[in-house]
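What follows is final-v3.tsv (TSV, C-alpha atoms).
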```tsv
chain	number	residue	atom	x	y	z
A	1	MET	CA	291.76	75.93	201.04
A	2	ALA	CA	294.80	73.82	200.34
A	3	VAL	CA	295.31	72.67	203.90
A	4	ARG	CA	294.98	69.00	202.92
A	5	GLU	CA	298.46	69.14	201.44
A	6	ILE	CA	299.86	70.21	204.79
A	7	GLU	CA	300.96	67.64	207.36
A	8	PRO	CA	299.23	67.74	210.77
A	9	VAL	CA	300.57	70.43	213.06
A	10	VAL	CA	301.30	68.68	216.37
A	11	LEU	CA	302.49	70.88	219.23
A	12	GLU	CA	302.96	70.59	222.97
A	13	LEU	CA	300.40	73.13	224.16
A	14	ASP	CA	299.37	71.83	227.61
A	15	ARG	CA	301.06	74.70	229.44
A	16	LEU	CA	299.57	77.39	227.19
A	17	GLU	CA	296.11	75.83	227.48
A	18	GLN	CA	296.40	75.73	231.27
A	19	LEU	CA	297.48	79.37	231.35
A	20	ALA	CA	294.57	80.35	229.10
A	21	GLU	CA	292.17	78.58	231.46
A	22	SER	CA	293.65	79.82	234.73
A	23	GLY	CA	294.00	83.38	233.43
A	24	TYR	CA	290.49	83.55	232.02
A	25	TYR	CA	288.66	86.78	232.82
A	26	ASN	CA	285.41	88.46	231.87
A	27	PRO	CA	286.40	91.39	229.63
A	28	TYR	CA	282.87	92.77	229.71
A	29	THR	CA	282.99	93.42	233.45
A	30	MET	CA	286.67	93.82	234.26
A	31	PHE	CA	287.24	97.35	232.98
A	32	ASP	CA	286.08	100.44	234.81
A	33	TRP	CA	285.27	102.74	231.90
A	34	PRO	CA	285.34	106.41	233.00
A	35	ASP	CA	282.86	108.76	231.33
A	36	THR	CA	285.66	110.99	230.11
A	37	ILE	CA	289.44	110.96	230.01
A	38	GLU	CA	291.59	113.69	231.57
A	39	PRO	CA	292.15	116.22	228.72
A	40	ASP	CA	295.79	116.92	229.59
A	41	LYS	CA	297.00	113.32	229.40
A	42	PRO	CA	298.39	111.63	226.28
A	43	TRP	CA	296.50	108.52	225.17
A	44	MET	CA	299.63	107.00	223.68
A	45	SER	CA	303.19	107.23	225.01
A	46	GLU	CA	304.63	110.31	223.34
A	47	HIS	CA	307.82	108.70	222.06
A	48	LEU	CA	305.75	105.89	220.49
A	49	THR	CA	303.80	108.29	218.26
A	50	THR	CA	304.97	108.40	214.67
A	51	LEU	CA	306.60	111.80	215.14
A	52	GLY	CA	308.22	110.86	218.46
A	53	GLY	CA	311.84	112.01	218.75
A	54	THR	CA	311.80	114.09	215.55
A	55	PRO	CA	311.93	117.87	215.03
A	56	MET	CA	308.42	117.54	213.55
A	57	TRP	CA	307.14	116.65	217.03
A	58	ASP	CA	308.88	119.66	218.59
A	59	GLU	CA	307.32	121.96	216.00
A	60	LEU	CA	303.79	121.04	217.10
A	61	THR	CA	301.88	123.05	219.68
A	62	ARG	CA	301.13	121.18	222.93
A	63	GLU	CA	297.51	120.93	221.81
A	64	GLN	CA	298.57	119.30	218.54
A	65	GLN	CA	300.91	116.94	220.37
A	66	LEU	CA	298.14	115.78	222.70
A	67	ALA	CA	295.69	115.51	219.80
A	68	LEU	CA	298.22	113.39	217.91
A	69	THR	CA	298.54	110.99	220.86
A	70	ARG	CA	294.75	110.71	220.93
A	71	PHE	CA	294.25	110.07	217.23
A	72	GLU	CA	297.25	107.77	216.96
A	73	ALA	CA	295.91	105.76	219.91
A	74	ILE	CA	292.61	105.47	218.02
A	75	ASN	CA	294.56	104.49	214.90
A	76	PHE	CA	296.61	101.91	216.84
A	77	PHE	CA	293.50	100.35	218.37
A	78	SER	CA	291.71	100.48	214.99
A	79	LEU	CA	294.63	98.62	213.40
A	80	ASN	CA	294.26	96.04	216.14
A	81	ILE	CA	290.56	95.68	215.43
A	82	HIS	CA	291.02	95.22	211.68
A	83	GLY	CA	294.01	92.92	212.21
A	84	ILE	CA	292.00	90.78	214.62
A	85	ARG	CA	289.05	90.59	212.21
A	86	GLU	CA	291.38	89.32	209.52
A	87	LEU	CA	293.23	86.77	211.65
A	88	MET	CA	290.06	85.49	213.30
A	89	SER	CA	288.49	84.70	209.94
A	90	ASP	CA	291.65	82.86	208.84
A	91	VAL	CA	291.78	80.82	212.05
A	92	VAL	CA	288.06	80.06	212.18
A	93	MET	CA	288.25	78.52	208.71
A	94	ARG	CA	290.96	76.14	209.90
A	95	ILE	CA	289.74	75.22	213.36
A	96	HIS	CA	288.35	71.80	212.42
A	97	GLU	CA	290.71	71.01	209.55
A	98	LYS	CA	292.61	67.76	210.08
A	99	THR	CA	295.89	69.65	209.89
A	100	TYR	CA	294.99	71.58	213.02
A	101	ALA	CA	293.11	68.87	214.96
A	102	ASP	CA	295.85	68.64	217.57
A	103	VAL	CA	295.91	72.41	218.20
A	104	SER	CA	292.16	72.98	217.86
A	105	GLU	CA	291.69	73.25	221.63
A	106	PHE	CA	294.13	76.14	221.85
A	107	LEU	CA	292.68	77.74	218.71
A	108	HIS	CA	289.34	77.96	220.52
A	109	HIS	CA	290.99	79.89	223.36
A	110	PHE	CA	292.78	82.01	220.80
A	111	ILE	CA	289.66	82.99	218.89
A	112	GLY	CA	287.71	83.64	222.07
A	113	GLU	CA	290.41	85.90	223.47
A	114	GLU	CA	290.90	87.74	220.18
A	115	ASN	CA	287.18	88.43	219.98
A	116	GLU	CA	287.32	89.92	223.46
A	117	HIS	CA	290.33	92.08	222.56
A	118	MET	CA	288.47	93.35	219.52
A	119	TRP	CA	285.57	94.29	221.80
A	120	PHE	CA	287.59	96.31	224.31
A	121	PHE	CA	289.65	98.07	221.64
A	122	ALA	CA	286.43	99.13	219.91
A	123	GLN	CA	284.91	100.23	223.23
A	124	PHE	CA	287.83	102.58	223.80
A	125	CYS	CA	287.72	103.98	220.26
A	126	LEU	CA	283.97	104.52	220.22
A	127	ARG	CA	283.59	105.81	223.78
A	128	TYR	CA	286.44	108.31	223.74
A	129	GLY	CA	287.28	108.85	220.06
A	130	GLY	CA	283.77	108.52	218.66
A	131	LYS	CA	285.02	106.41	215.76
A	132	LEU	CA	287.31	103.76	214.36
A	133	TYR	CA	289.61	104.48	211.44
A	134	PRO	CA	288.62	102.37	208.43
A	135	ALA	CA	290.74	99.42	207.33
A	136	GLN	CA	293.55	100.12	204.87
A	137	PRO	CA	292.57	99.94	201.20
A	138	THR	CA	293.34	96.51	199.83
A	139	LEU	CA	294.27	95.30	196.39
A	140	LYS	CA	291.61	92.88	195.25
A	141	ALA	CA	294.19	90.49	193.83
A	142	ASP	CA	296.07	87.57	195.32
A	143	SER	CA	299.72	88.51	195.85
A	144	VAL	CA	300.83	85.06	197.01
A	145	GLU	CA	299.25	82.82	194.39
A	146	HIS	CA	302.69	82.12	192.88
A	147	LEU	CA	303.74	80.43	196.15
A	148	SER	CA	303.25	76.77	197.12
A	149	PRO	CA	300.33	75.78	199.37
A	150	ILE	CA	302.65	75.27	202.36
A	151	ALA	CA	304.24	78.70	201.82
A	152	ARG	CA	300.83	80.33	201.64
A	153	GLU	CA	299.80	78.52	204.81
A	154	LEU	CA	303.00	79.61	206.54
A	155	ILE	CA	302.35	83.22	205.51
A	156	VAL	CA	298.85	83.17	207.06
A	157	PHE	CA	300.31	82.31	210.47
A	158	ALA	CA	303.43	84.46	209.97
A	159	ARG	CA	301.26	87.51	209.38
A	160	ILE	CA	299.34	86.80	212.59
A	161	LEU	CA	302.58	86.36	214.53
A	162	ILE	CA	304.25	89.48	213.13
A	163	PHE	CA	301.16	91.57	213.74
A	164	GLU	CA	300.99	90.37	217.35
A	165	GLU	CA	304.67	90.93	218.03
A	166	ILE	CA	304.62	94.48	216.66
A	167	VAL	CA	301.52	95.36	218.65
A	168	ASP	CA	303.01	93.82	221.76
A	169	HIS	CA	306.04	96.09	221.57
A	170	TYR	CA	303.66	99.02	222.07
A	171	ASN	CA	301.41	97.28	224.61
A	172	ALA	CA	304.34	96.21	226.79
A	173	TYR	CA	305.55	99.79	227.18
A	174	MET	CA	302.17	101.45	227.55
A	175	ALA	CA	300.99	98.87	230.11
A	176	THR	CA	303.10	100.66	232.75
A	177	ASP	CA	303.38	104.20	231.35
A	178	GLN	CA	302.18	106.37	234.25
A	179	THR	CA	301.67	109.40	231.98
A	180	LEU	CA	298.70	107.63	230.33
A	181	PRO	CA	295.13	107.60	231.64
A	182	HIS	CA	294.39	104.53	233.74
A	183	ILE	CA	291.97	102.98	231.20
A	184	ALA	CA	294.50	103.26	228.34
A	185	ARG	CA	297.15	101.62	230.50
A	186	GLU	CA	294.77	98.83	231.50
A	187	ILE	CA	293.80	97.96	227.94
A	188	ASN	CA	297.44	97.75	226.94
A	189	ARG	CA	298.25	95.68	230.03
A	190	VAL	CA	295.47	93.14	229.56
A	191	HIS	CA	296.27	92.76	225.87
A	192	HIS	CA	299.97	92.32	226.58
A	193	GLN	CA	299.16	89.58	229.08
A	194	ASP	CA	297.09	87.51	226.62
A	195	GLU	CA	299.37	88.15	223.68
A	196	SER	CA	302.37	86.57	225.37
A	197	ARG	CA	300.56	83.22	225.03
A	198	HIS	CA	299.50	83.95	221.47
A	199	VAL	CA	303.03	84.89	220.45
A	200	ALA	CA	304.41	81.70	222.02
A	201	PHE	CA	301.81	79.67	220.12
A	202	GLY	CA	302.40	81.61	216.90
A	203	ARG	CA	306.11	80.93	216.99
A	204	MET	CA	305.50	77.21	217.46
A	205	VAL	CA	303.09	77.00	214.51
A	206	PHE	CA	305.45	79.08	212.40
A	207	THR	CA	308.40	76.82	213.17
A	208	ASN	CA	306.37	73.71	212.37
A	209	LEU	CA	305.10	75.01	209.01
A	210	LEU	CA	308.48	76.43	208.04
A	211	GLY	CA	310.02	73.03	208.77
A	212	GLN	CA	307.50	71.45	206.38
A	213	LEU	CA	308.28	74.04	203.72
A	214	VAL	CA	312.05	73.61	203.94
A	215	LYS	CA	311.68	69.83	203.76
A	216	ARG	CA	309.72	70.15	200.52
A	217	ASP	CA	311.54	72.99	198.80
A	218	PRO	CA	314.33	74.84	200.60
A	219	ASP	CA	314.61	77.25	197.67
A	220	GLU	CA	311.25	78.72	198.58
A	221	ALA	CA	312.47	79.93	201.99
A	222	PRO	CA	314.18	83.08	200.61
A	223	VAL	CA	311.00	83.92	198.68
A	224	VAL	CA	309.01	83.70	201.91
A	225	ALA	CA	311.71	85.79	203.65
A	226	GLU	CA	311.22	88.53	201.06
A	227	TYR	CA	307.46	88.51	201.57
A	228	LEU	CA	307.88	88.70	205.36
A	229	GLU	CA	310.33	91.61	205.15
A	230	ASN	CA	307.83	93.46	202.95
A	231	TYR	CA	305.12	92.63	205.46
A	232	LEU	CA	307.22	94.10	208.30
A	233	GLN	CA	307.65	97.33	206.31
A	234	TYR	CA	303.97	97.38	205.41
A	235	SER	CA	302.99	96.95	209.06
A	236	ILE	CA	305.18	99.86	210.17
A	237	GLY	CA	303.65	101.99	207.41
A	238	THR	CA	300.13	101.39	208.70
A	239	LEU	CA	301.01	103.16	211.96
A	240	TYR	CA	301.58	106.37	209.97
A	241	ASN	CA	298.02	107.31	209.12
A	242	PRO	CA	297.65	110.70	207.41
A	243	ALA	CA	294.05	110.83	208.63
A	244	ALA	CA	295.35	110.95	212.22
A	245	TYR	CA	297.63	113.89	211.33
A	246	ARG	CA	294.69	115.70	209.72
A	247	ASP	CA	292.46	115.00	212.72
A	248	ALA	CA	295.16	116.41	215.00
A	249	GLY	CA	295.12	119.63	212.96
A	250	ILE	CA	298.55	119.06	211.41
A	251	PRO	CA	298.86	120.35	207.82
A	252	ASP	CA	300.39	118.59	204.76
A	253	ALA	CA	299.61	115.15	206.14
A	254	LEU	CA	300.92	113.11	203.19
A	255	ALA	CA	304.21	114.99	202.89
A	256	LEU	CA	304.64	114.82	206.67
A	257	ARG	CA	304.00	111.08	206.60
A	258	ARG	CA	306.64	110.56	203.92
A	259	LYS	CA	309.15	112.70	205.81
A	260	ALA	CA	308.45	111.01	209.15
A	261	LEU	CA	308.67	107.45	207.78
A	262	ALA	CA	312.15	108.14	206.39
A	263	HIS	CA	313.48	110.20	209.31
A	264	PRO	CA	316.60	108.56	210.82
A	265	VAL	CA	315.16	108.73	214.35
A	266	ARG	CA	312.04	106.92	213.17
A	267	VAL	CA	314.02	104.37	211.14
A	268	GLU	CA	315.92	103.58	214.34
A	269	ALA	CA	312.59	103.37	216.21
A	270	HIS	CA	311.25	100.93	213.57
A	271	ASP	CA	314.35	98.77	214.06
A	272	GLN	CA	313.62	98.67	217.78
A	273	VAL	CA	309.97	97.70	217.18
A	274	LEU	CA	311.01	94.92	214.78
A	275	LYS	CA	314.15	93.77	216.62
A	276	ARG	CA	312.63	90.78	218.39
A	277	THR	CA	310.74	89.57	215.31
A	278	ARG	CA	313.73	90.01	212.99
A	279	LYS	CA	315.90	88.05	215.42
A	280	PHE	CA	313.35	85.22	215.45
A	281	LEU	CA	313.03	85.19	211.65
A	282	SER	CA	316.82	85.16	211.22
A	283	LYS	CA	317.20	82.34	213.74
A	284	SER	CA	314.50	80.43	211.85
A	285	GLY	CA	316.41	80.87	208.56
A	286	VAL	CA	314.07	83.37	206.88
A	287	GLY	CA	315.65	86.67	207.93
A	288	ARG	CA	316.04	89.50	205.44
A	289	GLU	CA	319.72	88.55	204.98
A	290	THR	CA	318.56	85.43	203.10
A	291	ILE	CA	316.62	87.37	200.45
A	292	LYS	CA	318.03	86.87	196.96
A	293	ARG	CA	318.16	90.21	195.14
B	1	MET	CA	306.71	120.41	187.98
B	2	THR	CA	307.94	116.87	187.71
B	3	ASP	CA	305.94	114.49	185.59
B	4	PRO	CA	303.68	112.53	187.98
B	5	MET	CA	303.97	109.42	185.81
B	6	GLN	CA	307.73	109.62	186.31
B	7	ALA	CA	307.14	109.47	190.07
B	8	VAL	CA	304.80	106.48	189.57
B	9	GLN	CA	307.49	104.66	187.57
B	10	GLU	CA	310.14	105.46	190.17
B	11	PHE	CA	307.91	104.05	192.91
B	12	ILE	CA	307.42	100.80	190.98
B	13	LEU	CA	311.10	100.47	190.06
B	14	GLY	CA	312.13	101.23	193.65
B	15	ARG	CA	310.07	98.31	194.89
B	16	ASN	CA	311.06	95.92	192.12
B	17	PRO	CA	314.85	95.88	191.86
B	18	ALA	CA	314.66	93.13	189.22
B	19	LEU	CA	312.91	95.49	186.77
B	20	ASP	CA	315.04	97.75	184.53
B	21	ARG	CA	312.07	99.68	183.22
B	22	VAL	CA	308.28	99.60	183.37
B	23	SER	CA	306.87	99.17	179.88
B	24	GLU	CA	303.58	100.87	179.08
B	25	ASP	CA	301.71	97.59	178.72
B	26	LEU	CA	303.24	95.59	181.60
B	27	ASP	CA	300.41	94.13	183.69
B	28	LEU	CA	301.40	95.59	187.06
B	29	ILE	CA	299.01	93.36	188.98
B	30	ASP	CA	299.69	90.00	187.32
B	31	SER	CA	303.43	90.64	187.39
B	32	ARG	CA	303.08	91.66	191.07
B	33	ALA	CA	305.01	94.87	190.37
B	34	ILE	CA	302.30	96.38	192.57
B	35	ASN	CA	301.23	93.88	195.22
B	36	SER	CA	298.93	94.05	198.19
B	37	LEU	CA	301.73	95.06	200.56
B	38	ALA	CA	302.79	98.01	198.37
B	39	PHE	CA	299.26	99.09	197.62
B	40	VAL	CA	298.65	101.41	200.56
B	41	GLU	CA	301.89	103.30	199.93
B	42	PHE	CA	300.97	103.51	196.26
B	43	ILE	CA	297.56	105.00	197.07
B	44	PHE	CA	299.20	107.63	199.29
B	45	LEU	CA	301.62	108.46	196.46
B	46	LEU	CA	298.74	108.88	194.01
B	47	GLU	CA	296.87	111.09	196.48
B	48	GLU	CA	299.93	113.28	196.91
B	49	LEU	CA	300.53	113.52	193.17
B	50	THR	CA	296.93	114.29	192.27
B	51	GLY	CA	296.21	116.42	195.35
B	52	GLU	CA	292.94	114.57	195.74
B	53	SER	CA	291.85	111.92	198.20
B	54	ILE	CA	291.03	108.49	196.84
B	55	ASP	CA	287.98	106.67	198.12
B	56	PRO	CA	288.96	103.00	198.67
B	57	GLU	CA	285.37	102.01	197.86
B	58	ASP	CA	285.75	103.60	194.46
B	59	LEU	CA	288.79	101.62	193.35
B	60	ASP	CA	288.72	99.34	190.34
B	61	LEU	CA	291.54	96.83	189.98
B	62	ASP	CA	291.75	97.51	186.25
B	63	ASP	CA	292.69	101.15	186.93
B	64	PHE	CA	295.97	99.82	188.31
B	65	ARG	CA	296.83	97.25	185.64
B	66	THR	CA	299.10	99.31	183.40
B	67	LEU	CA	300.84	102.66	183.35
B	68	ASP	CA	298.41	103.75	180.63
B	69	ALA	CA	295.41	102.80	182.78
B	70	LEU	CA	296.87	104.64	185.78
B	71	GLU	CA	297.50	107.75	183.71
B	72	ALA	CA	293.99	107.68	182.26
B	73	ARG	CA	292.34	107.22	185.65
B	74	PHE	CA	294.38	109.55	187.83
B	75	PHE	CA	296.21	112.09	185.66
B	76	LYS	CA	294.31	112.73	182.43
B	77	LYS	CA	291.66	114.84	184.16
B	78	GLU	CA	294.39	117.09	185.47
B	79	ALA	CA	296.02	117.51	182.05
B	80	ALA	CA	292.70	118.55	180.54
B	81	ARG	CA	292.16	121.35	183.05
```
Write the structure described by the file as structure tokens, please.
Amino acid sequence: MAVREIEPVVLELDRLEQLAESGYYNPYTMFDWPDTIEPDKPWMSEHLTTLGGTPMWDELTREQQLALTRFEAINFFSLNIHGIRELMSDVVMRIHEKTYADVSEFLHHFIGEENEHMWFFAQFCLRYGGKLYPAQPTLKADSVEHLSPIARELIVFARILIFEEIVDHYNAYMATDQTLPHIAREINRVHHQDESRHVAFGRMVFTNLLGQLVKRDPDEAPVVAEYLENYLQYSIGTLYNPAAYRDAGIPDALALRRKALAHPVRVEAHDQVLKRTRKFLSKSGVGRETIKR
Amino acid sequence: MTDPMQAVQEFILGRNPALDRVSEDLDLIDSRAINSLAFVEFIFLLEELTGESIDPEDLDLDDFRTLDALEARFFKKEAAR
């Protein structure tokens, strides 16, 4: 790891640490897991499914619509699980690096909480869906090796932040959606509560590392902006899992996925999901408008 | 039927505005014409073009290095049918 070339990340985290301590809960005892979930309730808010608001949704039978909410909830929680596995391993490797000595205390809270989130997401998937969807196929090649060490470091934390902000958009809505089963609402609510601290922390780390990058080589900022925009698009794409369409009994999964991803209603929905993150990236100076084409 | 390799080229060009064309021997991985963030979409495209599912466990990086390698791995079988 090239962390030695990075200056120490020093942040004012007292408030976030206090909140993590005062809000600490036992995830293994706090949920009341029912044996089964009411069959007529959606597991994911209907408009948040990948066909929400499109004619493709209206063309489904009610059974297919409900099945889609179930399998897309399993996909959403599976994405969380794989995302958490990835970010935890990145953070664990840094937790006692000199660069992160000042934030190590909070990183311990962070890893502990993420591990607990991974547990309750998997509980839901395995208890009620009987499975997790596998992680997305990955290219076994480094796509950021052309970037400087500080840019690569920034991207590690930017990916964590973006992932958390996108997920939180869904959690925040579903935490209070009365059409959902109680247990689905609870999982979204608890996750949303913890993630607000993680997002606050993530933005602080991001700002610190971006400041270091700009000080060293401002010309690299647009290159990072391009990577981040691609990462936003990639993240949206992962929500559209053809396996979930197939499991819901919907034919032509790949063609449907392509059509849904490009549908104007969905493009508008993606903009809503990414609005907060895009605003933050633009304010930080690495919005998509800075990309050099 | 449209040539599937044409669709592959269009995908790569669409994601790499700086490229005018994709030469047969361009190393798509080293040049980052196909990178990790585009990879999932690319796999779905290949599945749609071949009509067959692709097992992620069965993927070899070298199958994605050049247009020739992609054609040999994913489309030659079909042509021989």
With only C-alpha atoms counted and 10 Å as the cut-off, give the residues of chain B in contact with chain A, each with its shortest interatomic distance in Å and the pair that gives it, as CSV.
```
residue,atom,partner,partner_atom,distance
B:Arg15,CA,A:Asn230,CA,9.7
B:Asn16,CA,A:Arg293,CA,9.6
B:Pro17,CA,A:Arg293,CA,7.3
B:Ala18,CA,A:Arg293,CA,7.5
B:Ile29,CA,A:Ala141,CA,7.4
B:Asp30,CA,A:Ala141,CA,8.5
B:Ser31,CA,A:Ser143,CA,9.5
B:Arg32,CA,A:Ser143,CA,6.6
B:Ala33,CA,A:Ser143,CA,9.9
B:Ile34,CA,A:Ser143,CA,8.9
B:Asn35,CA,A:Ser143,CA,5.6
B:Ser36,CA,A:Leu139,CA,5.1
B:Leu37,CA,A:Tyr234,CA,5.8
B:Ala38,CA,A:Tyr234,CA,7.2
B:Phe39,CA,A:Leu139,CA,6.4
B:Val40,CA,A:Pro137,CA,6.3
B:Glu41,CA,A:Gly237,CA,7.8
B:Ile43,CA,A:Pro137,CA,8.2
B:Phe44,CA,A:Leu254,CA,6.9
B:Leu45,CA,A:Leu254,CA,8.2
B:Glu47,CA,A:Leu254,CA,8.1
B:Glu48,CA,A:Leu254,CA,6.4
B:Gly51,CA,A:Leu254,CA,9.7
B:Ile54,CA,A:Pro137,CA,9.7
B:Asp55,CA,A:Pro137,CA,8.7
B:Pro56,CA,A:Pro137,CA,5.4
B:Glu57,CA,A:Pro137,CA,8.2
B:Leu59,CA,A:Pro137,CA,8.9
B:Asp60,CA,A:Lys140,CA,8.6
B:Leu61,CA,A:Lys140,CA,6.6
B:Phe64,CA,A:Leu139,CA,9.4
```
Computed gap from CA of Asn75 in chain A to CA of Leu132 in chain A is 7.3 Å
At a cut-off of 12 Å around the point (317.0, 86.0, 202.7) (file coordinates), what residues fall inside when counting all atoms listed in the file? I'd like the answer as a list in words.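 Selection result: Pro218, Asp219, Glu220, Ala221, Pro222, Val223, Val224, Ala225, Glu226, Tyr227, Leu228, Glu229, Asn230, Arg278, Leu281, Ser282, Lys283, Ser284, Gly285, Val286, Gly287, Arg288, Glu289, Thr290, Ile291, Lys292 and Arg293 of chain A.
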Separation of CA of Met174 in chain A from CA of Ala262 in chain A in Å: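 A separation of 24.3 Å between them.
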When you look at Arg185 in chain A with a cut-off of 7 Å (counting all atoms listed in the file), what residues show up, excluding the ones that are within fewer than 6 positions of it in the same chain? I need them as a PDB file with C-alpha atoms, keeping the file's coordinate frame.
```pdb
ATOM      1  CA  MET A 174     302.170 101.450 227.550  1.00  0.00           C
ATOM      2  CA  ALA A 175     300.990  98.870 230.110  1.00  0.00           C
ATOM      3  CA  THR A 176     303.100 100.660 232.750  1.00  0.00           C
ATOM      4  CA  ASP A 177     303.380 104.200 231.350  1.00  0.00           C
TER       5      ASP A 177
END
```
